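Listing of query19.cif, mmCIF, C-alpha atoms
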data_data
#
loop_
_atom_site.label_atom_id
_atom_site.label_comp_id
_atom_site.auth_asym_id
_atom_site.auth_seq_id
_atom_site.Cartn_x
_atom_site.Cartn_y
_atom_site.Cartn_z
CA MET A 52 0.00 0.00 0.00
CA ILE A 53 1.14 3.54 -0.76
CA SER A 54 0.96 5.74 2.34
CA LEU A 55 0.89 9.45 1.49
CA TYR A 56 1.41 12.24 4.00
CA PHE A 57 0.54 15.90 3.92
CA ILE A 58 0.53 17.31 7.44
CA LYS A 59 -0.09 21.01 7.87
CA PRO A 60 1.86 22.95 10.52
CA PRO A 61 -0.11 22.99 13.76
CA GLU A 62 -1.57 26.39 14.54
CA LYS A 63 -0.35 27.84 17.80
CA ASN A 64 -2.12 29.92 20.40
CA ARG A 65 -1.10 33.57 20.15
CA TRP A 66 -2.45 35.36 23.19
CA ILE A 67 -4.41 32.95 25.39
CA LYS A 68 -4.92 29.18 25.55
CA GLY A 69 -7.36 28.05 22.87
CA ASP A 70 -7.39 31.29 20.87
CA LYS A 71 -6.09 29.42 17.79
CA TYR A 72 -9.59 27.96 17.33
CA ILE A 73 -11.25 31.35 17.70
CA ARG A 74 -8.84 33.02 15.25
CA SER A 75 -9.39 30.25 12.70
CA PHE A 76 -13.17 30.67 12.96
CA ILE A 77 -12.98 34.46 12.60
CA ARG A 78 -10.65 34.20 9.58
CA THR A 79 -13.10 31.90 7.82
CA LEU A 80 -15.99 34.18 8.71
CA LEU A 81 -14.27 37.32 7.38
CA ARG A 82 -12.33 35.93 4.42
CA GLY A 83 -14.35 32.89 3.41
CA LYS A 84 -12.92 29.48 2.63
CA PRO A 85 -9.09 29.52 2.85
CA ARG A 86 -7.22 29.54 -0.46
CA LEU A 87 -5.20 26.46 -1.27
CA GLY A 88 -1.46 26.86 -0.82
CA GLY A 89 0.88 25.71 -3.55
CA VAL A 90 2.21 22.66 -1.69
CA GLU A 91 -1.29 21.58 -0.72
CA LYS A 92 -2.40 21.81 -4.36
CA VAL A 93 0.55 19.60 -5.30
CA PHE A 94 -0.65 16.96 -2.85
CA ILE A 95 -4.28 17.20 -3.97
CA ASN A 96 -3.37 16.94 -7.65
CA LEU A 97 -1.19 13.90 -6.97
CA CYS A 98 -4.13 12.22 -5.23
CA LYS A 99 -6.42 13.06 -8.14
CA GLY A 100 -3.91 11.58 -10.56
CA LEU A 101 -3.61 8.37 -8.56
CA ASP A 102 -7.41 8.17 -8.41
CA ARG A 103 -7.60 8.38 -12.19
CA LEU A 104 -5.10 5.55 -12.50
CA GLY A 105 -7.10 3.46 -10.03
CA ILE A 106 -4.24 3.26 -7.53
CA ASP A 107 -5.06 2.54 -3.88
CA TYR A 108 -3.39 4.71 -1.25
CA THR A 109 -3.93 6.00 2.26
CA VAL A 110 -3.51 9.55 3.60
CA ASN A 111 -1.85 10.42 6.91
CA THR A 112 -1.93 6.93 8.40
CA PRO A 113 -0.51 7.11 11.95
CA PHE A 114 3.14 6.12 11.75
CA SER A 115 2.58 3.40 14.33
CA GLN A 116 0.11 1.67 11.98
CA LEU A 117 2.46 1.40 9.00
CA LYS A 118 3.17 -2.11 7.79
CA PRO A 119 6.70 -3.10 6.74
CA SER A 120 5.56 -3.44 3.11
CA ASP A 121 3.97 0.02 2.92
CA LYS A 122 5.59 2.56 0.59
CA VAL A 123 5.82 5.97 2.27
CA ALA A 124 5.77 9.42 0.65
CA ILE A 125 5.85 12.59 2.76
CA LEU A 126 5.29 15.76 0.73
CA GLY A 127 4.73 18.50 3.28
CA ALA A 128 4.21 20.89 4.73
CA GLY A 129 7.15 21.82 6.97
CA LYS A 130 9.85 20.08 9.01
CA HIS A 131 7.32 18.92 11.61
CA CYS A 132 5.94 16.33 9.12
CA LEU A 133 8.46 13.73 10.23
CA ASP A 134 8.03 14.29 13.97
CA GLY A 135 7.64 10.92 15.65
CA TYR A 136 8.59 8.84 12.63
CA ASN A 137 10.31 5.74 13.99
CA ARG A 138 9.63 3.12 11.32
CA SER A 139 12.12 1.37 9.05
CA ASN A 140 10.03 2.04 5.93
CA LYS A 141 12.06 4.01 3.42
CA ILE A 142 10.67 7.43 2.52
CA VAL A 143 10.13 9.43 -0.65
CA ALA A 144 10.01 13.03 0.56
CA GLY A 145 10.18 16.51 -0.79
CA ILE A 146 8.54 19.62 -2.19
CA GLY A 147 7.40 21.30 1.01
CA LEU A 148 9.58 20.11 3.86
CA MET A 149 11.88 23.15 3.86
CA THR A 150 12.79 26.29 1.93
CA HIS A 151 16.47 25.44 1.43
CA PRO A 152 18.39 22.20 2.19
CA SER A 153 20.85 24.03 4.44
CA GLU A 154 17.96 24.30 6.90
CA TRP A 155 18.07 20.51 7.29
CA PRO A 156 21.38 19.16 5.97
CA GLU A 157 21.17 15.99 8.11
CA LEU A 158 17.66 15.06 6.97
CA CYS A 159 18.71 11.87 5.20
CA ASN A 160 20.82 10.79 8.15
CA GLU A 161 18.05 11.38 10.66
CA TYR A 162 15.36 9.60 8.63
CA PRO A 163 15.40 6.85 5.96
CA ILE A 164 14.94 9.25 3.04
CA VAL A 165 15.86 7.54 -0.22
CA LYS A 166 14.35 10.03 -2.69
CA TYR A 167 13.97 13.78 -2.33
CA LEU A 168 11.67 15.38 -4.90
CA GLN A 169 11.71 18.81 -6.45
CA HIS A 170 9.62 20.10 -9.33
CA SER A 171 12.25 21.26 -11.82
CA GLU A 172 15.91 21.08 -12.70
CA TRP A 173 17.11 24.44 -11.39
CA VAL A 174 15.66 23.80 -7.91
CA ASN A 175 16.85 20.20 -7.92
CA ASP A 176 20.39 21.47 -8.51
CA ILE A 177 20.20 23.39 -5.22
CA TYR A 178 19.46 20.19 -3.31
CA LYS A 179 22.01 17.91 -4.99
CA PRO A 180 25.05 19.14 -2.98
CA TYR A 181 23.18 18.17 0.19
CA TYR A 182 21.25 15.03 -0.73
CA GLY A 183 23.22 13.77 -3.73
CA SER A 184 21.76 11.00 -5.87
CA ARG A 185 18.59 10.93 -3.77
CA CYS A 186 17.46 14.07 -5.60
CA GLU A 187 14.88 13.54 -8.31
CA ILE A 188 12.71 15.78 -10.50
CA TRP A 189 8.95 15.29 -10.32
CA PRO A 190 6.51 17.90 -11.67
CA VAL A 191 2.92 17.69 -10.49
CA GLY A 192 0.09 17.40 -13.01
CA ILE A 193 -2.49 19.98 -14.04
CA GLU A 194 -6.20 19.20 -13.89
CA THR A 195 -6.83 19.61 -17.60
CA ASP A 196 -10.55 18.76 -17.37
CA MET A 197 -11.02 21.82 -15.16
CA TRP A 198 -8.52 24.13 -16.83
CA LYS A 199 -9.67 24.02 -20.44
CA PRO A 200 -10.81 26.45 -23.15
CA ASP A 201 -14.46 27.38 -23.61
CA SER A 202 -15.28 28.69 -27.08
CA THR A 203 -18.72 29.84 -25.95
CA ILE A 204 -17.22 32.60 -23.79
CA GLU A 205 -16.35 35.86 -25.54
CA LYS A 206 -12.81 37.15 -25.11
CA GLU A 207 -13.17 40.39 -23.17
CA PHE A 208 -9.45 41.10 -22.70
CA ASP A 209 -6.44 40.91 -24.99
CA ILE A 210 -4.14 40.37 -22.00
CA LEU A 211 -4.44 39.15 -18.43
CA ILE A 212 -1.48 40.36 -16.36
CA TYR A 213 -0.62 37.82 -13.67
CA ASN A 214 1.41 39.75 -11.11
CA LYS A 215 3.38 37.54 -8.75
CA ILE A 216 6.29 39.89 -8.12
CA HIS A 217 7.41 39.30 -4.56
CA TRP A 218 10.80 40.93 -3.99
CA HIS A 219 11.62 44.65 -4.40
CA PHE A 220 7.99 45.21 -5.32
CA GLU A 221 8.04 49.01 -5.40
CA GLU A 222 11.13 49.13 -7.59
CA MET A 223 9.84 46.46 -9.98
CA ASN A 224 6.50 48.18 -10.17
CA ARG A 225 8.33 51.34 -11.28
CA VAL A 226 10.73 49.79 -13.80
CA LEU A 227 8.62 46.90 -15.13
CA VAL A 228 4.93 46.70 -14.23
CA GLN A 229 3.90 50.31 -14.80
CA PRO A 230 5.88 50.68 -18.05
CA ILE A 231 4.22 47.49 -19.33
CA LYS A 232 0.76 48.85 -18.52
CA GLU A 233 1.54 52.21 -20.09
CA LEU A 234 2.77 50.57 -23.29
CA LEU A 235 -0.31 48.34 -23.49
CA ASN A 236 -2.50 51.43 -23.11
CA GLU A 237 -0.56 53.24 -25.84
CA LYS A 238 -1.13 50.32 -28.17
CA ASN A 239 -4.85 50.07 -27.24
CA ILE A 240 -4.34 46.55 -25.94
CA LYS A 241 -7.12 45.87 -23.47
CA PHE A 242 -5.91 44.23 -20.27
CA THR A 243 -6.83 43.36 -16.73
CA GLU A 244 -4.69 42.25 -13.80
CA VAL A 245 -4.74 39.57 -11.14
CA ARG A 246 -2.44 39.62 -8.13
CA TYR A 247 -1.06 36.40 -6.66
CA GLY A 248 -2.69 35.53 -3.34
CA ASN A 249 -5.68 37.82 -3.89
CA TYR A 250 -8.03 35.56 -5.81
CA HIS A 251 -9.87 32.29 -5.61
CA SER A 252 -9.45 29.58 -8.20
CA ASP A 253 -12.87 30.15 -9.79
CA GLU A 254 -12.13 33.86 -10.32
CA TYR A 255 -8.84 33.08 -12.02
CA ARG A 256 -10.41 30.46 -14.28
CA LYS A 257 -13.11 32.90 -15.39
CA LEU A 258 -10.52 35.58 -16.18
CA LEU A 259 -8.51 33.12 -18.25
CA LEU A 260 -11.58 32.19 -20.29
CA LYS A 261 -12.17 35.89 -21.00
CA SER A 262 -8.53 36.57 -22.01
CA LYS A 263 -6.71 35.91 -25.26
CA ALA A 264 -3.25 35.75 -23.64
CA MET A 265 -1.40 36.32 -20.38
CA ILE A 266 1.66 38.24 -19.26
CA PHE A 267 3.27 36.29 -16.43
CA LEU A 268 5.37 38.32 -13.99
CA SER A 269 7.24 36.19 -11.47
CA GLU A 270 10.91 36.25 -10.45
CA HIS A 271 11.25 32.46 -10.55
CA GLU A 272 9.14 29.34 -10.12
CA SER A 273 10.00 25.82 -9.01
CA GLN A 274 7.14 24.68 -11.25
CA GLY A 275 4.59 27.46 -11.72
CA ILE A 276 1.19 25.80 -11.45
CA ALA A 277 -0.74 29.02 -12.14
CA TYR A 278 0.89 29.72 -15.49
CA GLN A 279 0.49 26.04 -16.44
CA GLU A 280 -3.23 26.28 -15.63
CA ALA A 281 -3.32 29.17 -18.10
CA LEU A 282 -1.56 27.07 -20.75
CA SER A 283 -3.99 24.23 -20.13
CA SER A 284 -6.83 26.74 -20.65
CA GLY A 285 -5.44 27.50 -24.10
CA VAL A 286 -4.02 30.87 -23.03
CA PRO A 287 -0.51 31.57 -24.38
CA ILE A 288 2.03 33.25 -22.10
CA PHE A 289 4.40 36.20 -22.54
CA ALA A 290 6.69 35.41 -19.61
CA TRP A 291 9.15 37.63 -17.78
CA ASP A 292 12.07 35.26 -17.38
CA GLN A 293 15.09 37.14 -16.05
CA GLY A 294 16.98 33.94 -15.19
CA LYS A 295 18.44 34.95 -11.83
CA LEU A 296 17.71 34.24 -8.19
CA VAL A 297 16.48 37.26 -6.22
CA ASP A 298 15.20 35.72 -2.98
CA GLU A 299 17.16 37.61 -0.32
CA ASN A 300 17.41 34.50 1.87
CA TYR A 301 19.52 32.76 -0.73
CA LYS A 302 22.31 35.28 -0.13
CA ILE A 303 22.53 33.85 3.39
CA TRP A 304 22.63 30.32 1.99
CA GLY A 305 25.18 31.21 -0.69
CA ASP A 306 23.04 30.34 -3.71
CA GLN A 307 22.28 33.84 -4.98
CA HIS A 308 24.12 33.41 -8.30
CA ARG A 309 22.29 30.25 -9.34
CA PRO A 310 20.39 30.43 -12.68
CA THR A 311 16.61 30.10 -12.41
CA SER A 312 13.47 30.18 -14.53
CA SER A 313 10.01 31.63 -14.08
CA VAL A 314 8.64 29.15 -16.64
CA PRO A 315 10.64 25.92 -16.17
CA TYR A 316 8.20 23.94 -18.35
CA PHE A 317 7.78 25.82 -21.62
CA ASP A 318 8.41 25.59 -25.35
CA LYS A 319 7.52 27.56 -28.48
CA ARG A 320 3.95 26.24 -28.39
CA CYS A 321 3.40 27.99 -25.05
CA GLY A 322 4.29 31.56 -26.01
CA MET A 323 7.32 33.84 -25.73
CA LYS A 324 9.69 35.21 -23.08
CA PHE A 325 11.35 38.54 -22.25
CA ASN A 326 13.98 39.39 -19.61
CA ASN A 327 13.35 43.12 -19.03
CA PHE A 328 11.12 45.96 -20.17
CA GLU A 329 13.18 46.60 -23.28
CA GLY A 330 12.74 42.97 -24.26
CA PHE A 331 9.02 43.30 -23.65
CA LYS A 332 8.79 46.48 -25.71
CA SER A 333 10.70 44.91 -28.60
CA ASN A 334 8.58 41.78 -28.77
CA ILE A 335 5.04 42.62 -27.64
CA ASP A 336 3.85 43.34 -31.19
CA SER A 337 5.19 40.00 -32.41
CA PHE A 338 3.56 38.20 -29.47
CA ILE A 339 0.15 39.82 -30.06
CA CYS A 340 0.39 39.08 -33.77
CA LYS A 341 1.05 35.41 -33.08
CA VAL A 342 -1.77 35.28 -30.52
CA ASN A 343 -4.23 36.75 -33.03
CA GLY A 344 -2.94 34.36 -35.67
CA PHE A 345 -3.44 31.36 -33.36
CA ASP A 346 0.22 30.42 -33.79
CA PHE A 347 0.51 29.10 -30.22
CA THR A 348 -0.93 25.79 -29.01
CA PRO A 349 -0.24 25.87 -25.25
CA ARG A 350 -2.78 23.26 -24.24
CA ASP A 351 -1.03 20.71 -26.46
CA TYR A 352 2.13 21.18 -24.41
CA ILE A 353 0.31 20.49 -21.14
CA LEU A 354 -1.53 17.47 -22.54
CA GLU A 355 1.77 16.06 -23.74
CA ASN A 356 3.77 16.68 -20.59
CA LEU A 357 1.82 17.65 -17.46
CA THR A 358 -1.51 15.87 -17.07
CA LEU A 359 -2.62 14.43 -13.74
CA GLU A 360 -2.21 10.93 -15.12
CA LYS A 361 1.31 11.44 -16.48
CA SER A 362 2.45 13.01 -13.22
CA ALA A 363 0.91 10.24 -11.12
CA GLN A 364 2.53 7.61 -13.33
CA ASN A 365 5.92 9.30 -12.92
CA PHE A 366 5.37 9.34 -9.15
CA LEU A 367 4.52 5.63 -9.16
CA GLU A 368 7.72 4.84 -11.04
CA ILE A 369 9.73 6.75 -8.42
CA ILE A 370 8.08 5.23 -5.36
CA ASN A 371 8.07 1.71 -6.84
CA SER A 372 11.79 1.98 -7.48
CA VAL A 373 12.35 2.14 -3.71
CA GLU A 374 13.35 -1.25 -2.34
#

Please express what this file holds, its structure, as structure tokens.
Amino acid sequence: MISLYFIKPPEKNRWIKGDKYIRSFIRTLLRGKPRLGGVEKVFINLCKGLDRLGIDYTVNTPFSQLKPSDKVAILGAGKHCLDGYNRSNKIVAGIGLMTHPSEWPELCNEYPIVKYLQHSEWVNDIYKPYYGSRCEIWPVGIETDMWKPDSTIEKEFDILIYNKIHWHFEEMNRVLVQPIKELLNEKNIKFTEVRYGNYHSDEYRKLLLKSKAMIFLSEHESQGIAYQEALSSGVPIFAWDQGKLVDENYKIWGDQHRPTSSVPYFDKRCGMKFNNFEGFKSNIDSFICKVNGFDFTPRDYILENLTLEKSAQNFLEIINSVE
């Protein structure tokens, strides 16, 4: 049996004993149903993929109830996930256990980790110096039945700007985001904007169906589920891909010069890239022309590479290789 684990960090009391329950209730009351985090979506999509393949598995079985023959995969979220693990079953782990391997360099000595998963090559390369040959690339699948085109819906916008800029926001807004918007206005290209973390899934899906294309603004992505949901929806991407690591924490860890990507899964069917505003300015007309000419076929890329079934099958091959 495959035993999957996704254990959220326990919420702590802040002011008085028991206030964690009150704060959780008030948050739900004021903000509605919590948005899914990226790591949680990875876990959910893996389960959906396994369901489609007809694979039996359990979720969060108490460690004490594991059988010696069970295959164990622990995907997040946080270092606490392995607390109390005292079994001999070998573990496939990864994705959401830590931000950087230097936070837990002895992980594979403390627990029987035999595979450590990351979504794409550039992130995997960060983990290799710590975990060696245990490191393996595994992208999660996209729910293509949900994220799909709908020809009955009229395209209201030429461009949807997906703004996920996280670091140096004010500066990047001045040198990149605002100039992009001004140029789109000059060219009478109708656009709207969505900000990462400020929408629910249904809102995003509706905006994609109303948009001909998307400008994706993110410093770097380990996989980039949101832009891949756009591709699956038939929406081509003009991606800001500057190719460098800007997370300030990585300066502490000594990885600040490592090459990165904001669109690690991408080819010419998906759209085009630019690395700064000048690159955007030089190529936006070509991008729009190709969009209007239906030169891009982004959904084909997802169907070929990143479906729920393909991802789940890749996961099975990894976990079944553990002896």

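Distance-wise, atom CA of A:Ile353 and atom CA of A:Ser283 end up 5.8 Å apart.
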
Could I get the residues of stretch 277-325 of chain A with an atom no further than 12 Å from an atom of stretch 339-342 of chain A, each paired with its nearest atom pair and that distance in Å to one decimal, using all atoms listed in the file, sorted by chain and residue number, as a tab-separated table?
residue	atom	partner	partner_atom	distance
A:Gly285	CA	A:Val342	CA	10.7
A:Val286	CA	A:Val342	CA	9.0
A:Pro287	CA	A:Val342	CA	7.3
A:Ile288	CA	A:Val342	CA	9.5
A:Phe289	CA	A:Ile339	CA	9.4
A:Lys319	CA	A:Lys341	CA	11.2
A:Arg320	CA	A:Lys341	CA	10.7
A:Cys321	CA	A:Val342	CA	10.5
A:Gly322	CA	A:Val342	CA	8.4
A:Met323	CA	A:Lys341	CA	9.8

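Counting all atoms listed in the file and comparing A:Phe242, A:Phe325, A:Phe94, A:Trp189, the residue that lies closest to A:Leu357 is A:Trp189.
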
Target residues per the PyMOL selection byres ((chain A and resi 158-165) around 12), formatted as an NGL selection string: :A and (122-126 or 130-145 or 148-149 or 151-157 or 166-168 or 178 or 181-187 or 369-374)

Nearest to A:Lys206 by atom-to-atom distance, counting only C-alpha atoms, from A:Ser252, A:Ser273, A:Ser362, A:Asn343: A:Asn343

Could you tell me which residues the PyMOL selection byres ((chain A and resi 292) around 7) returns for this structure, as a PDB file with C-alpha atoms, in the frame of the given file?
ATOM      1  CA  ALA A 290       6.690  35.410 -19.610  1.00  0.00           C
ATOM      2  CA  TRP A 291       9.150  37.630 -17.780  1.00  0.00           C
ATOM      3  CA  GLN A 293      15.090  37.140 -16.050  1.00  0.00           C
ATOM      4  CA  GLY A 294      16.980  33.940 -15.190  1.00  0.00           C
ATOM      5  CA  SER A 312      13.470  30.180 -14.530  1.00  0.00           C
ATOM      6  CA  SER A 313      10.010  31.630 -14.080  1.00  0.00           C
ATOM      7  CA  LYS A 324       9.690  35.210 -23.080  1.00  0.00           C
ATOM      8  CA  PHE A 325      11.350  38.540 -22.250  1.00  0.00           C
ATOM      9  CA  ASN A 326      13.980  39.390 -19.610  1.00  0.00           C
TER      10      ASN A 326
END

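Our summary of the geometry notes that atom CA of A:Glu272 is positioned 17.3 Å from atom CA of A:Val245.
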
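When only C-alpha atoms are used to measure the gap to A:Val228, the shortest distance among A:Thr112, A:Thr195, A:Asn327, A:Ser333 belongs to A:Asn327.
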
Selection result of the PyMOL selection byres ((chain A and resi 266) around 7) on this file, as an MDAnalysis selection string: chainID A and resid 210:213 265 267:268 288:290

Residue with smallest distance to A:Gly129 - pool A:Pro60, A:Pro190, A:Pro315, A:Gly89, counting all atoms listed in the file: A:Pro60

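The shell of residues at most 8 Å from A:Tyr108, with only C-alpha atoms counted and near chain neighbours (fewer than 2 positions) removed, consists of Met52, Ile53, Ser54, Leu55, Ile106 and Val110 of chain A.
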
Would you fill the gaps in stretch 101-128 of chain A so it has N, CA and C atoms, then print it as a PDB file, in the coordinates of the input?
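That gives us part.pdb:
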ATOM      1  N   LEU A 101      -3.597   9.768  -8.981  1.00  0.00           N
ATOM      2  CA  LEU A 101      -3.610   8.370  -8.560  1.00  0.00           C
ATOM      3  C   LEU A 101      -5.028   7.786  -8.639  1.00  0.00           C
ATOM      4  N   ASP A 102      -6.024   8.608  -8.288  1.00  0.00           N
ATOM      5  CA  ASP A 102      -7.410   8.170  -8.410  1.00  0.00           C
ATOM      6  C   ASP A 102      -7.746   7.810  -9.847  1.00  0.00           C
ATOM      7  N   ARG A 103      -7.292   8.635 -10.776  1.00  0.00           N
ATOM      8  CA  ARG A 103      -7.600   8.380 -12.190  1.00  0.00           C
ATOM      9  C   ARG A 103      -6.917   7.119 -12.702  1.00  0.00           C
ATOM     10  N   LEU A 104      -5.791   6.784 -12.110  1.00  0.00           N
ATOM     11  CA  LEU A 104      -5.100   5.550 -12.500  1.00  0.00           C
ATOM     12  C   LEU A 104      -5.623   4.334 -11.750  1.00  0.00           C
ATOM     13  N   GLY A 105      -6.531   4.565 -10.803  1.00  0.00           N
ATOM     14  CA  GLY A 105      -7.100   3.460 -10.030  1.00  0.00           C
ATOM     15  C   GLY A 105      -6.135   2.879  -9.018  1.00  0.00           C
ATOM     16  N   ILE A 106      -5.248   3.713  -8.492  1.00  0.00           N
ATOM     17  CA  ILE A 106      -4.240   3.260  -7.530  1.00  0.00           C
ATOM     18  C   ILE A 106      -4.758   3.460  -6.108  1.00  0.00           C
ATOM     19  N   ASP A 107      -4.668   2.435  -5.289  1.00  0.00           N
ATOM     20  CA  ASP A 107      -5.060   2.540  -3.880  1.00  0.00           C
ATOM     21  C   ASP A 107      -3.950   3.210  -3.074  1.00  0.00           C
ATOM     22  N   TYR A 108      -4.343   4.055  -2.140  1.00  0.00           N
ATOM     23  CA  TYR A 108      -3.390   4.710  -1.250  1.00  0.00           C
ATOM     24  C   TYR A 108      -4.116   5.157   0.005  1.00  0.00           C
ATOM     25  N   THR A 109      -3.358   5.433   1.037  1.00  0.00           N
ATOM     26  CA  THR A 109      -3.930   6.000   2.260  1.00  0.00           C
ATOM     27  C   THR A 109      -3.320   7.378   2.487  1.00  0.00           C
ATOM     28  N   VAL A 110      -3.980   8.187   3.296  1.00  0.00           N
ATOM     29  CA  VAL A 110      -3.510   9.550   3.600  1.00  0.00           C
ATOM     30  C   VAL A 110      -3.348   9.706   5.107  1.00  0.00           C
ATOM     31  N   ASN A 111      -2.147  10.093   5.506  1.00  0.00           N
ATOM     32  CA  ASN A 111      -1.850  10.420   6.910  1.00  0.00           C
ATOM     33  C   ASN A 111      -2.160   9.282   7.886  1.00  0.00           C
ATOM     34  N   THR A 112      -1.823   8.063   7.478  1.00  0.00           N
ATOM     35  CA  THR A 112      -1.930   6.930   8.400  1.00  0.00           C
ATOM     36  C   THR A 112      -0.992   7.169   9.588  1.00  0.00           C
ATOM     37  N   PRO A 113      -1.447   6.972  10.817  1.00  0.00           N
ATOM     38  CA  PRO A 113      -0.510   7.110  11.950  1.00  0.00           C
ATOM     39  C   PRO A 113       0.730   6.262  11.728  1.00  0.00           C
ATOM     40  N   PHE A 114       1.886   6.822  12.007  1.00  0.00           N
ATOM     41  CA  PHE A 114       3.140   6.120  11.750  1.00  0.00           C
ATOM     42  C   PHE A 114       3.163   4.736  12.416  1.00  0.00           C
ATOM     43  N   SER A 115       2.562   4.665  13.572  1.00  0.00           N
ATOM     44  CA  SER A 115       2.580   3.400  14.330  1.00  0.00           C
ATOM     45  C   SER A 115       1.808   2.295  13.620  1.00  0.00           C
ATOM     46  N   GLN A 116       0.935   2.662  12.676  1.00  0.00           N
ATOM     47  CA  GLN A 116       0.110   1.670  11.980  1.00  0.00           C
ATOM     48  C   GLN A 116       0.686   1.250  10.628  1.00  0.00           C
ATOM     49  N   LEU A 117       1.843   1.792  10.270  1.00  0.00           N
ATOM     50  CA  LEU A 117       2.460   1.400   9.000  1.00  0.00           C
ATOM     51  C   LEU A 117       2.905  -0.049   9.041  1.00  0.00           C
ATOM     52  N   LYS A 118       2.692  -0.744   7.939  1.00  0.00           N
ATOM     53  CA  LYS A 118       3.170  -2.110   7.790  1.00  0.00           C
ATOM     54  C   LYS A 118       4.537  -2.087   7.105  1.00  0.00           C
ATOM     55  N   PRO A 119       5.364  -3.091   7.332  1.00  0.00           N
ATOM     56  CA  PRO A 119       6.700  -3.100   6.740  1.00  0.00           C
ATOM     57  C   PRO A 119       6.697  -3.004   5.208  1.00  0.00           C
ATOM     58  N   SER A 120       5.628  -3.465   4.575  1.00  0.00           N
ATOM     59  CA  SER A 120       5.560  -3.440   3.110  1.00  0.00           C
ATOM     60  C   SER A 120       5.026  -2.132   2.546  1.00  0.00           C
ATOM     61  N   ASP A 121       4.543  -1.235   3.397  1.00  0.00           N
ATOM     62  CA  ASP A 121       3.970   0.020   2.920  1.00  0.00           C
ATOM     63  C   ASP A 121       5.048   0.919   2.318  1.00  0.00           C
ATOM     64  N   LYS A 122       4.695   1.582   1.227  1.00  0.00           N
ATOM     65  CA  LYS A 122       5.590   2.560   0.590  1.00  0.00           C
ATOM     66  C   LYS A 122       5.183   3.940   1.055  1.00  0.00           C
ATOM     67  N   VAL A 123       6.127   4.711   1.592  1.00  0.00           N
ATOM     68  CA  VAL A 123       5.820   5.970   2.270  1.00  0.00           C
ATOM     69  C   VAL A 123       6.300   7.160   1.458  1.00  0.00           C
ATOM     70  N   ALA A 124       5.411   8.155   1.306  1.00  0.00           N
ATOM     71  CA  ALA A 124       5.770   9.420   0.650  1.00  0.00           C
ATOM     72  C   ALA A 124       5.273  10.569   1.511  1.00  0.00           C
ATOM     73  N   ILE A 125       6.184  11.452   1.902  1.00  0.00           N
ATOM     74  CA  ILE A 125       5.850  12.590   2.760  1.00  0.00           C
ATOM     75  C   ILE A 125       6.182  13.867   1.996  1.00  0.00           C
ATOM     76  N   LEU A 126       5.123  14.621   1.628  1.00  0.00           N
ATOM     77  CA  LEU A 126       5.290  15.760   0.730  1.00  0.00           C
ATOM     78  C   LEU A 126       5.085  17.122   1.390  1.00  0.00           C
ATOM     79  N   GLY A 127       4.843  17.189   2.654  1.00  0.00           N
ATOM     80  CA  GLY A 127       4.730  18.500   3.280  1.00  0.00           C
ATOM     81  C   GLY A 127       3.639  18.504   4.338  1.00  0.00           C
ATOM     82  N   ALA A 128       3.506  19.639   4.994  1.00  0.00           N
ATOM     83  CA  ALA A 128       4.210  20.890   4.730  1.00  0.00           C
ATOM     84  C   ALA A 128       4.987  21.297   5.986  1.00  0.00           C
TER      85      ALA A 128
END
